[in-house]
file input-v7.cif (mmCIF, C-alpha atoms)
data_work
loop_
_atom_site.label_atom_id
_atom_site.label_comp_id
_atom_site.auth_asym_id
_atom_site.auth_seq_id
_atom_site.Cartn_x
_atom_site.Cartn_y
_atom_site.Cartn_z
CA MET A 1 -20.43 23.30 26.66
CA SER A 2 -17.01 21.72 27.18
CA ILE A 3 -14.44 21.57 24.39
CA ALA A 4 -14.66 17.76 24.33
CA LEU A 5 -18.42 17.91 23.77
CA ARG A 6 -18.03 20.59 21.11
CA ILE A 7 -15.88 18.15 19.18
CA VAL A 8 -17.78 14.95 19.95
CA LEU A 9 -21.37 16.13 19.44
CA PRO A 10 -21.12 17.09 15.74
CA LEU A 11 -19.19 13.89 15.15
CA TYR A 12 -21.86 11.86 16.91
CA ARG A 13 -24.68 13.53 14.95
CA ALA A 14 -22.89 13.09 11.62
CA ALA A 15 -22.03 9.46 12.37
CA ALA A 16 -25.73 8.70 12.85
CA TRP A 17 -25.83 8.40 9.05
CA LEU A 18 -23.61 5.36 9.29
CA TYR A 19 -26.26 3.32 11.09
CA PRO A 20 -28.25 0.96 8.84
CA PRO A 21 -31.15 2.99 7.34
CA ARG A 22 -33.85 0.90 9.04
CA PHE A 23 -32.30 1.48 12.46
CA ARG A 24 -31.75 5.16 11.67
CA ARG A 25 -35.33 5.70 10.52
CA ARG A 26 -36.69 4.06 13.63
CA TYR A 27 -34.42 5.47 16.32
CA ALA A 28 -32.67 8.64 15.05
CA GLY A 29 -35.27 10.91 16.64
CA GLN A 30 -35.12 9.09 19.95
CA ILE A 31 -31.31 9.08 19.94
CA GLN A 32 -31.28 12.85 19.43
CA LEU A 33 -33.79 13.25 22.24
CA ALA A 34 -31.71 11.10 24.61
CA LEU A 35 -28.67 13.15 23.63
CA ARG A 36 -30.54 16.38 24.42
CA ASP A 37 -31.60 14.96 27.81
CA ALA A 38 -28.03 13.88 28.57
CA MET A 39 -26.69 17.36 27.79
CA ALA A 40 -29.32 18.96 30.02
CA ASP A 41 -28.49 16.58 32.88
CA GLN A 42 -26.38 18.59 35.35
CA SER A 43 -25.34 15.45 37.23
CA LEU A 44 -23.46 14.16 34.17
CA PRO A 45 -19.96 15.67 33.74
CA PRO A 46 -19.42 16.82 30.11
CA ALA A 47 -16.09 14.97 29.82
CA SER A 48 -17.76 11.76 30.95
CA LEU A 49 -20.60 12.28 28.44
CA ALA A 50 -18.11 12.92 25.62
CA SER A 51 -16.22 9.74 26.47
CA THR A 52 -19.46 7.71 26.70
CA LEU A 53 -20.60 9.02 23.32
CA LEU A 54 -17.32 8.14 21.64
CA LYS A 55 -17.37 4.60 23.05
CA ASP A 56 -21.04 4.30 22.17
CA LEU A 57 -20.37 5.32 18.58
CA ALA A 58 -17.57 2.81 18.12
CA GLN A 59 -19.50 -0.06 19.71
CA SER A 60 -23.02 0.53 18.45
CA LEU A 61 -22.10 1.41 14.85
CA TRP A 62 -20.11 -1.79 14.58
CA LYS A 63 -22.79 -3.87 16.28
CA GLU A 64 -25.77 -2.53 14.30
CA ASN A 65 -23.99 -2.90 10.96
CA LEU A 66 -22.80 -6.39 11.89
CA ASP A 67 -26.34 -7.30 12.88
CA MET A 68 -27.58 -6.01 9.53
CA LEU A 69 -24.82 -7.97 7.76
CA LYS A 70 -25.81 -11.19 9.56
CA GLU A 71 -29.39 -10.62 8.52
CA THR A 72 -28.30 -9.95 4.93
CA ALA A 73 -26.25 -13.15 4.88
CA SER A 74 -29.24 -15.10 6.16
CA ARG A 75 -31.44 -14.01 3.23
CA PRO A 76 -31.32 -17.03 0.90
CA LEU A 77 -31.95 -15.16 -2.37
CA LEU A 78 -29.39 -12.46 -1.62
CA LEU A 79 -26.85 -15.04 -0.47
CA PHE A 80 -27.49 -17.14 -3.58
CA ASN A 81 -26.97 -14.09 -5.82
CA ALA A 82 -23.77 -13.18 -4.00
CA LEU A 83 -22.44 -16.74 -4.31
CA MET A 84 -23.31 -16.88 -8.01
CA LEU A 85 -21.56 -13.55 -8.61
CA ALA A 86 -18.55 -14.79 -6.62
CA ALA A 87 -18.47 -17.96 -8.75
CA LEU A 88 -18.69 -15.85 -11.93
CA ALA A 89 -15.86 -13.64 -10.66
CA THR A 90 -13.77 -16.76 -10.02
CA VAL A 91 -14.39 -18.10 -13.53
CA LEU A 92 -13.56 -14.71 -15.07
CA ALA A 93 -10.34 -14.42 -13.06
CA LEU A 94 -9.33 -17.96 -14.03
CA ALA A 95 -10.03 -17.18 -17.70
CA PHE A 96 -8.11 -13.92 -17.36
CA TYR A 97 -5.12 -15.99 -16.27
CA ALA A 98 -5.52 -19.18 -18.31
CA ILE A 99 -6.21 -17.70 -21.77
CA PRO A 100 -3.20 -15.31 -21.96
CA GLN A 101 -1.06 -17.96 -20.25
CA GLN A 102 -1.88 -20.41 -23.03
CA VAL A 103 -1.30 -17.77 -25.71
CA LEU A 104 2.09 -16.91 -24.16
CA ARG A 105 3.07 -20.57 -23.81
CA GLN A 106 2.03 -21.50 -27.36
CA GLY A 107 3.72 -18.36 -28.73
CA ALA A 108 6.93 -19.39 -26.97
CA ASN A 109 7.22 -22.28 -29.48
CA ASP A 110 7.10 -20.09 -32.61
CA PRO A 111 10.84 -19.50 -33.21
CA GLN A 112 11.59 -23.16 -32.46
CA LEU A 113 8.94 -24.33 -34.93
CA GLU A 114 10.57 -22.28 -37.64
CA LEU A 115 14.11 -23.35 -36.71
CA ALA A 116 13.25 -27.04 -36.37
CA GLY A 117 11.27 -26.96 -39.63
CA ASN A 118 14.09 -25.38 -41.62
CA ALA A 119 16.73 -27.66 -40.09
CA ALA A 120 14.59 -30.74 -40.77
CA LEU A 121 14.26 -29.72 -44.43
CA ARG A 122 18.03 -29.30 -44.83
CA LEU A 123 18.84 -32.54 -43.01
CA GLN A 124 16.25 -34.33 -45.08
CA ALA A 125 17.90 -32.92 -48.22
CA GLY A 126 21.15 -34.61 -47.16
CA ALA A 127 23.06 -31.78 -45.51
CA PRO A 128 25.39 -33.03 -42.75
CA ALA A 129 24.17 -32.32 -39.22
CA ALA A 130 27.41 -30.48 -38.35
CA GLN A 131 26.78 -28.11 -41.25
CA VAL A 132 23.14 -27.40 -40.34
CA ILE A 133 23.88 -26.93 -36.65
CA ALA A 134 26.76 -24.71 -35.54
CA THR A 135 28.70 -27.04 -33.28
CA ASN A 136 31.64 -24.82 -32.35
CA PRO A 137 31.96 -25.36 -28.55
CA ALA A 138 32.70 -21.66 -28.03
CA ASP A 139 29.42 -20.68 -29.69
CA ARG A 140 27.24 -23.16 -27.83
CA VAL A 141 24.20 -21.67 -26.09
CA ASN A 142 24.11 -22.15 -22.34
CA MET A 143 20.61 -23.60 -21.81
CA ALA A 144 20.43 -22.32 -18.23
CA GLU A 145 21.44 -18.73 -18.99
CA SER A 146 20.70 -17.78 -22.59
CA LEU A 147 17.28 -16.93 -23.98
CA SER A 148 18.40 -17.74 -27.57
CA PRO A 149 16.75 -20.63 -29.37
CA PHE A 150 19.11 -23.49 -30.30
CA LEU A 151 19.18 -26.76 -32.28
CA ILE A 152 20.29 -30.30 -31.40
CA ALA A 153 20.29 -33.26 -33.79
CA PHE A 154 19.81 -36.85 -32.60
CA ASP A 155 20.12 -40.18 -34.38
CA GLU A 156 17.24 -42.64 -34.48
CA GLN A 157 18.31 -44.09 -31.10
CA GLY A 158 18.26 -40.68 -29.45
CA HIS A 159 22.02 -40.10 -29.31
CA VAL A 160 23.29 -36.55 -29.91
CA THR A 161 24.89 -36.15 -33.34
CA ALA A 162 25.28 -32.36 -33.37
CA SER A 163 24.50 -29.71 -30.77
CA ALA A 164 24.47 -25.93 -30.58
CA ALA A 165 23.73 -25.92 -26.82
CA GLN A 166 25.17 -27.16 -23.58
CA LEU A 167 24.22 -27.47 -19.95
CA ASN A 168 27.03 -27.84 -17.44
CA GLY A 169 29.42 -28.63 -20.31
CA ALA A 170 27.34 -31.47 -21.84
CA THR A 171 24.33 -31.81 -24.11
CA PRO A 172 21.40 -33.43 -22.32
CA ALA A 173 18.78 -35.49 -24.17
CA PRO A 174 15.03 -35.55 -23.49
CA PRO A 175 13.50 -38.74 -21.98
CA PRO A 176 13.08 -41.68 -24.43
CA GLY A 177 9.29 -41.31 -24.32
CA VAL A 178 9.62 -37.96 -26.10
CA PHE A 179 11.43 -39.61 -29.03
CA ASP A 180 8.84 -42.42 -29.10
CA TYR A 181 6.00 -39.90 -29.33
CA ALA A 182 7.77 -37.84 -32.01
CA ARG A 183 8.49 -41.04 -33.96
CA THR A 184 4.78 -41.95 -34.11
CA HIS A 185 3.37 -38.41 -34.46
CA SER A 186 6.26 -36.84 -36.46
CA GLU A 187 6.40 -33.86 -34.06
CA GLU A 188 6.14 -33.18 -30.32
CA ARG A 189 5.87 -29.84 -28.54
CA LEU A 190 6.65 -29.88 -24.85
CA THR A 191 8.19 -28.14 -21.87
CA TRP A 192 11.47 -29.93 -21.22
CA GLN A 193 13.22 -29.61 -17.88
CA PRO A 194 16.78 -30.96 -18.29
CA GLN A 195 17.56 -29.93 -14.70
CA PRO A 196 15.57 -28.32 -11.88
CA GLY A 197 15.03 -24.64 -12.60
CA VAL A 198 15.79 -24.89 -16.32
CA ARG A 199 12.61 -25.15 -18.35
CA LEU A 200 12.72 -25.12 -22.14
CA ALA A 201 9.96 -24.55 -24.69
CA THR A 202 10.83 -27.43 -26.98
CA VAL A 203 9.84 -28.65 -30.44
CA ILE A 204 11.18 -32.00 -31.66
CA ARG A 205 10.67 -33.35 -35.19
CA HIS A 206 11.24 -36.81 -36.51
CA LEU A 207 12.97 -37.01 -39.87
CA PRO A 208 11.48 -39.47 -42.38
CA SER A 209 15.03 -40.58 -43.20
CA GLY A 210 15.67 -41.33 -39.50
CA GLY A 211 16.85 -39.19 -36.60
CA PHE A 212 15.42 -36.17 -34.85
CA VAL A 213 15.96 -32.44 -34.76
CA LEU A 214 15.17 -30.58 -31.57
CA SER A 215 14.82 -26.85 -31.16
CA ALA A 216 14.33 -25.22 -27.77
CA ARG A 217 14.76 -22.02 -25.77
CA ASN A 218 14.75 -21.05 -22.12
CA MET A 219 11.28 -20.09 -20.82
CA ARG A 220 12.53 -17.80 -18.04
CA GLU A 221 11.07 -14.61 -19.55
CA ILE A 222 7.81 -16.29 -20.58
CA GLU A 223 7.37 -17.70 -17.08
CA ALA A 224 8.06 -14.29 -15.55
CA ARG A 225 5.26 -12.87 -17.73
CA GLU A 226 2.99 -15.75 -16.76
CA ALA A 227 3.69 -15.05 -13.08
CA GLN A 228 2.82 -11.41 -13.68
CA MET A 229 -0.45 -12.45 -15.32
CA GLY A 230 -1.16 -14.70 -12.33
CA GLN A 231 -0.60 -11.82 -9.95
CA MET A 232 -2.91 -9.55 -11.97
CA ALA A 233 -5.56 -12.31 -12.10
CA ARG A 234 -5.39 -12.75 -8.32
CA PHE A 235 -5.74 -9.01 -7.81
CA LEU A 236 -8.67 -8.90 -10.25
CA TRP A 237 -10.31 -11.86 -8.46
CA LEU A 238 -9.97 -10.24 -5.03
CA ALA A 239 -11.23 -6.91 -6.39
CA MET A 240 -14.29 -8.57 -7.96
CA LEU A 241 -15.03 -10.49 -4.75
CA ALA A 242 -14.71 -7.26 -2.77
CA ILE A 243 -17.17 -5.55 -5.14
CA VAL A 244 -19.64 -8.45 -4.78
CA ALA A 245 -19.32 -8.34 -0.98
CA LEU A 246 -19.67 -4.57 -0.89
CA GLY A 247 -22.65 -4.63 -3.27
CA THR A 248 -24.37 -7.30 -1.18
CA PHE A 249 -23.65 -5.33 1.99
CA LEU A 250 -24.99 -2.11 0.45
CA PHE A 251 -28.09 -3.87 -0.84
CA GLY A 252 -28.75 -5.29 2.62
CA TRP A 253 -28.06 -1.86 4.10
CA LEU A 254 -30.45 -0.01 1.81
CA ARG A 255 -33.09 -2.72 1.32
CA PRO A 256 -33.66 -4.58 4.59
CA SER A 257 -35.58 -7.83 4.72
CA PRO A 258 -39.32 -7.11 4.25
CA ALA A 259 -40.06 -9.43 7.19
CA ARG A 260 -38.04 -7.22 9.53
CA VAL A 261 -39.21 -3.90 8.12
CA HIS A 262 -42.67 -4.66 9.45
CA ALA A 263 -41.39 -6.28 12.63
CA MET B 1 -37.30 -15.65 24.59
CA SER B 2 -33.83 -16.47 23.31
CA LEU B 3 -31.39 -14.75 25.64
CA GLU B 4 -28.29 -16.62 26.65
CA ALA B 5 -26.91 -16.33 30.17
CA PRO B 6 -24.97 -14.39 31.26
CA LEU B 7 -26.75 -11.37 29.84
CA THR B 8 -24.58 -8.60 28.43
CA ALA B 9 -24.20 -5.54 30.64
CA PRO B 10 -26.46 -3.28 28.48
CA VAL B 11 -29.19 -5.97 28.28
CA PHE B 12 -29.08 -6.61 32.02
CA ALA B 13 -29.13 -2.89 32.87
CA THR B 14 -32.02 -2.25 30.44
CA LEU B 15 -34.13 -5.12 31.80
CA LEU B 16 -33.34 -4.06 35.36
CA SER B 17 -34.37 -0.47 34.70
CA LEU B 18 -37.62 -1.48 32.99
CA SER B 19 -38.48 -3.87 35.83
CA GLN B 20 -39.42 -0.77 37.82
CA GLY B 21 -42.04 0.29 35.29
CA GLU B 22 -42.28 1.83 31.85
CA LYS B 23 -39.53 4.28 30.97
CA HIS B 24 -38.16 6.31 28.09
CA GLY B 25 -34.66 5.97 26.68
CA TYR B 26 -32.80 8.54 28.73
CA ALA B 27 -34.39 7.33 31.97
CA ILE B 28 -33.03 3.85 31.21
CA MET B 29 -29.56 5.28 30.50
CA LYS B 30 -29.68 7.20 33.77
CA ASP B 31 -30.73 4.12 35.76
CA ALA B 32 -27.94 2.11 34.15
CA ARG B 33 -25.34 4.60 35.42
CA GLN B 34 -26.40 4.03 39.05
CA PRO B 35 -24.48 1.30 40.92
CA GLU B 36 -27.73 -0.54 41.68
CA GLY B 37 -28.72 -0.32 38.01
CA GLY B 38 -25.59 -2.01 36.69
CA GLY B 39 -23.16 0.90 36.90
CA ILE B 40 -22.53 1.19 33.17
CA ALA B 41 -22.23 4.29 31.00
CA MET B 42 -24.46 3.43 28.07
CA GLY B 43 -24.79 5.77 25.09
CA PRO B 44 -27.97 6.27 23.05
CA GLY B 45 -26.79 4.07 20.14
CA THR B 46 -26.10 1.13 22.44
CA LEU B 47 -29.36 1.65 24.31
CA TYR B 48 -31.60 1.72 21.24
CA GLY B 49 -29.72 -1.18 19.63
CA THR B 50 -30.33 -3.17 22.82
CA LEU B 51 -34.00 -2.14 22.96
CA ASN B 52 -34.42 -3.07 19.31
CA ARG B 53 -33.07 -6.58 19.90
CA LEU B 54 -35.09 -7.01 23.09
CA MET B 55 -38.26 -6.01 21.21
CA GLU B 56 -37.49 -8.47 18.42
CA GLN B 57 -37.13 -11.18 21.07
CA GLY B 58 -40.42 -10.18 22.67
CA LEU B 59 -38.88 -9.16 26.00
CA VAL B 60 -39.73 -5.47 25.74
CA VAL B 61 -42.58 -3.57 24.08
CA GLU B 62 -43.19 0.05 23.24
CA THR B 63 -46.08 1.49 25.19
CA GLY B 64 -46.70 4.61 23.14
CA LEU B 65 -45.77 8.23 22.67
CA SER B 66 -45.63 10.91 25.29
CA ASP B 67 -45.75 14.68 25.40
CA ASP B 68 -42.88 14.86 22.92
CA GLN B 69 -43.85 13.06 19.72
CA ARG B 70 -40.39 11.55 19.43
CA ARG B 71 -40.23 10.25 23.00
CA ARG B 72 -41.34 6.67 23.34
CA TYR B 73 -41.79 4.60 26.43
CA TYR B 74 -40.89 0.98 26.87
CA GLN B 75 -41.89 -1.75 29.29
CA LEU B 76 -41.00 -5.35 30.04
CA THR B 77 -43.19 -8.19 28.82
CA GLU B 78 -43.75 -11.31 30.89
CA SER B 79 -40.89 -12.95 29.02
CA GLY B 80 -38.70 -9.97 29.86
CA HIS B 81 -39.52 -10.34 33.56
CA ALA B 82 -38.76 -14.06 33.33
CA ALA B 83 -35.39 -13.42 31.63
CA LEU B 84 -34.42 -10.89 34.29
CA THR B 85 -35.51 -13.22 37.12
CA LEU B 86 -33.45 -16.04 35.62
CA GLU B 87 -30.38 -13.81 35.41
CA LEU B 88 -30.80 -12.56 38.99
CA ASP B 89 -31.22 -16.16 40.18
CA ARG B 90 -28.07 -17.12 38.31
CA LEU B 91 -26.12 -14.27 39.90
CA ARG B 92 -27.45 -15.16 43.37
CA ALA B 93 -26.41 -18.77 42.83
CA VAL B 94 -22.91 -17.67 41.84
CA VAL B 95 -22.61 -15.53 44.97
CA ARG B 96 -23.95 -18.35 47.19
CA ALA B 97 -21.67 -20.96 45.62
CA ASN B 98 -18.64 -18.79 46.25
CA ALA B 99 -19.52 -17.58 49.72
CA HIS B 100 -16.97 -19.99 51.24
CA LEU B 101 -14.16 -18.01 49.59
CA GLY B 102 -14.76 -15.36 52.22
CA LEU B 103 -14.50 -12.50 49.77
CA ALA B 104 -16.14 -9.59 51.56
CA THR B 105 -18.30 -7.31 49.44
CA GLN B 106 -18.56 -3.57 49.93
CA GLY B 107 -22.26 -3.94 50.55
CA GLY B 108 -21.75 -6.34 53.46
CA PRO B 109 -21.31 -10.08 53.90
CA ALA B 110 -22.10 -12.28 50.89
#

call {"tool": "encode", "arguments": {"input": "input-v7.cif", "output": "structure tokens"}}
result
Amino acid sequence: MSIALRIVLPLYRAAAWLYPPRFRRRYAGQIQLALRDAMADQSLPPASLASTLLKDLAQSLWKENLDMLKETASRPLLLFNALMLAALATVLALAFYAIPQQVLRQGANDPQLELAGNAALRLQAGAPAAQVIATNPADRVNMAESLSPFLIAFDEQGHVTASAAQLNGATPAPPPGVFDYARTHSEERLTWQPQPGVRLATVIRHLPSGGFVLSARNMREIEAREAQMGQMARFLWLAMLAIVALGTFLFGWLRPSPARVHA
Amino acid sequence: MSLEAPLTAPVFATLLSLSQGEKHGYAIMKDARQPEGGGIAMGPGTLYGTLNRLMEQGLVVETGLSDDQRRRYYQLTESGHAALTLELDRLRAVVRANAHLGLATQGGPA
């Protein structure tokens, strides 16, 4: 026996296990017999037989498993189960992203709630805005860079009266609709984007005596964590879909359609 | 019968081999290697996959066992003969339609 055949034959025999079980049960004996005949055939050069067997393995394994997969996909109950599991996996992955995302986003407001609440109490008690809010220009928080929470006070018309933060050297104000909402609901929690790329977790409170106090902080870190969660959720989703596909494939592989078993 | 023309090389070679009478797997593989049988090197996996599909389509049937319990023989059904005839007619028509190109064949004039 040639060296090529010595390598290829055991490989070919072992790879027979990779055929779908139904095909293997039906034809394994005949395949072995044909192989024995081919090896006994003096007119067939061993190198040519080895090459034929290798090509045969690559082509027929792929084809028989694909055929089985097509048949599996055409079984309504199995397909329905796979689709339901895929839908469930999608819902789970979405929940895996959405629930922690909401917890992170809501949690991002906590320091601002405390700051705005305390400042509102002091302002309401009559303390001057400049005393409640550190307004020294050198100490002002850069909204685009710093992760520190900060305070800004506004009058009833929405004009800045004191500010502990700046963006490009000035203190921006939220859109008028935000003040309107806070005026009627006493408080508003929102994501404020004073310029593209700068997103702030913001709490704004209306003072009963008139005016507003706003507390906010840059969401850069929170959004980075949210992006990480999104990536993990996508990976989880793909992994669950892969498991569903693999499980369906294995089920089809091990339990062929009864109609074809008796064909 | 649900074969689409042109037939694949293994299907054509298998039908051609069985058109000469009932045969077992290796005999079909051997016929397929001959130039007049299609000239293709077909391995056992490809052969039995092809036979399996041809049997599902009713073009080939098993005729029974032989001396060796594992060896089975196969033969064409009427549908199998019809499919082979259609394919041969199609090939003849292709050759006829292109005869004016003057492409000489090794076996003689087209």

call {"tool": "resolve_selection", "arguments": {"input": "input-v7.cif", "expression": "the PyMOL selection byres ((chain A) within 6 of (chain B))", "output": "PyMOL selection string"}}
result
chain A and resi 29-31+34+52-53+56+60

call {"tool": "resolve_selection", "arguments": {"input": "input-v7.cif", "expression": "the PyMOL selection byres ((chain B and resi 85) around 12)", "output": "ChimeraX atom specification"}}
result
/B:5,7,12,15-16,19,76,78-84,86-92

call {"tool": "write_last_selection", "arguments": {"input": "input-v7.cif", "atoms": "C-alpha atoms", "output": "CSV table (one decimal), keeping the file's coordinate frame"}}
result
chain,number,residue,atom,x,y,z
B,5,ALA,CA,-26.9,-16.3,30.2
B,7,LEU,CA,-26.8,-11.4,29.8
B,12,PHE,CA,-29.1,-6.6,32.0
B,15,LEU,CA,-34.1,-5.1,31.8
B,16,LEU,CA,-33.3,-4.1,35.4
B,19,SER,CA,-38.5,-3.9,35.8
B,76,LEU,CA,-41.0,-5.4,30.0
B,78,GLU,CA,-43.8,-11.3,30.9
B,79,SER,CA,-40.9,-13.0,29.0
B,80,GLY,CA,-38.7,-10.0,29.9
B,81,HIS,CA,-39.5,-10.3,33.6
B,82,ALA,CA,-38.8,-14.1,33.3
B,83,ALA,CA,-35.4,-13.4,31.6
B,84,LEU,CA,-34.4,-10.9,34.3
B,86,LEU,CA,-33.4,-16.0,35.6
B,87,GLU,CA,-30.4,-13.8,35.4
B,88,LEU,CA,-30.8,-12.6,39.0
B,89,ASP,CA,-31.2,-16.2,40.2
B,90,ARG,CA,-28.1,-17.1,38.3
B,91,LEU,CA,-26.1,-14.3,39.9
B,92,ARG,CA,-27.4,-15.2,43.4

call {"tool": "atom_distance", "arguments": {"input": "input-v7.cif", "atom1": "CA of Leu51 (chain B)", "atom2": "CA of Leu78 (chain A)"}}
result
27.1 Å

call {"tool": "resolve_selection", "arguments": {"input": "input-v7.cif", "expression": "the PyMOL selection byres ((chain A and resi 214) around 6)", "output": "PyMOL selection string"}}
result
chain A and resi 151-152+203-204+213+215

call {"tool": "atom_distance", "arguments": {"input": "input-v7.cif", "atom1": "CA of Leu207 (chain A)", "atom2": "CA of Val103 (chain A)"}}
result
27.8 Å

call {"tool": "residues_around", "arguments": {"input": "input-v7.cif", "residues": "region 120-127 of chain A", "least_positions_apart": "2", "cutoff": "7 Å", "atoms": "only C-alpha atoms", "output": "PyMOL selection string"}}
result
chain A and resi 116-118+129+131-132+207+209+213

call {"tool": "atom_distance", "arguments": {"input": "input-v7.cif", "atom1": "CA of Asn109 (chain A)", "atom2": "CA of Glu188 (chain A)"}}
result
11.0 Å

call {"tool": "closest_residue", "arguments": {"input": "input-v7.cif", "among": "A:Arg25, A:Arg225, A:Lys70, A:His159", "to": "Phe249 (chain A)", "atoms": "only C-alpha atoms"}}
result
A:Lys70

call {"tool": "closest_residue", "arguments": {"input": "input-v7.cif", "among": "A:Pro137, A:Pro10, A:Pro149, A:Gly158", "to": "Gly210 (chain A)", "atoms": "only C-alpha atoms"}}
result
A:Gly158

call {"tool": "residues_around", "arguments": {"input": "input-v7.cif", "residues": "Leu69 (chain A)", "least_positions_apart": "2", "cutoff": "9 Å", "atoms": "all atoms listed in the file", "output": "VMD selection string"}}
result
chain A and resid 64 to 67 71 to 74 248 to 249 252 to 253

call {"tool": "write_last_selection", "arguments": {"input": "input-v7.cif", "atoms": "C-alpha atoms", "output": "compact mmCIF listing (two decimals), in the frame of the given file"}}
result
# COMPACT_ATOMS: atom_id res chain seq x y z
CA GLU A 64 -25.77 -2.53 14.30
CA ASN A 65 -23.99 -2.90 10.96
CA LEU A 66 -22.80 -6.39 11.89
CA ASP A 67 -26.34 -7.30 12.88
CA GLU A 71 -29.39 -10.62 8.52
CA THR A 72 -28.30 -9.95 4.93
CA ALA A 73 -26.25 -13.15 4.88
CA SER A 74 -29.24 -15.10 6.16
CA THR A 248 -24.37 -7.30 -1.18
CA PHE A 249 -23.65 -5.33 1.99
CA GLY A 252 -28.75 -5.29 2.62
CA TRP A 253 -28.06 -1.86 4.10

call {"tool": "residues_near_point", "arguments": {"input": "input-v7.cif", "point": "(9.2, -37.8, -28.8)", "cutoff": "12 Å", "atoms": "all atoms listed in the file", "output": "PyMOL selection string"}}
result
chain A and resi 154+156-158+173-192+202-207+211-214

call {"tool": "residues_around", "arguments": {"input": "input-v7.cif", "residues": "Ile133 (chain A)", "least_positions_apart": "5", "cutoff": "8 Å", "atoms": "only C-alpha atoms", "output": "NGL selection string"}}
result
:A and (119 or 151-153 or 162-164)

call {"tool": "closest_residue", "arguments": {"input": "input-v7.cif", "among": "B:Ala13, B:Thr63, B:Leu101, B:Leu3", "to": "Gln34 (chain B)", "atoms": "only C-alpha atoms"}}
result
B:Ala13

call {"tool": "axis_aligned_box", "arguments": {"input": "input-v7.cif", "around": "region 33-40 of chain B", "padding_each_side": "3 Å", "output": "lines of an AutoDock Vina configuration file"}}
result
center_x = -25.6
center_y = 1.3
center_z = 37.4
size_x = 12.2
size_y = 12.6
size_z = 14.5

call {"tool": "residues_around", "arguments": {"input": "input-v7.cif", "residues": "Gln42 (chain A)", "least_positions_apart": "5", "cutoff": "12 Å", "atoms": "all atoms listed in the file", "output": "ChimeraX atom specification"}}
result
/A:1,36-37,48-49 /B:30

call {"tool": "residues_around", "arguments": {"input": "input-v7.cif", "residues": "Leu85 (chain A)", "least_positions_apart": "3", "cutoff": "10 Å", "atoms": "all atoms listed in the file", "output": "JSON, numbers by chain"}}
result
{"A": [79, 80, 81, 82, 88, 89, 90, 91, 240, 241, 243, 244, 245]}

call {"tool": "residues_near_point", "arguments": {"input": "input-v7.cif", "point": "(-46.1, -0.5, 23.7)", "cutoff": "8 Å", "atoms": "all atoms listed in the file", "output": "list in words"}}
result
Val61, Glu62, Thr63, Gly64, Tyr73, Tyr74 and Gln75 of chain B

call {"tool": "closest_residue", "arguments": {"input": "input-v7.cif", "among": "A:Ala86, A:Arg22, A:Asn136, A:Ser2", "to": "Pro46 (chain A)", "atoms": "all atoms listed in the file"}}
result
A:Ser2
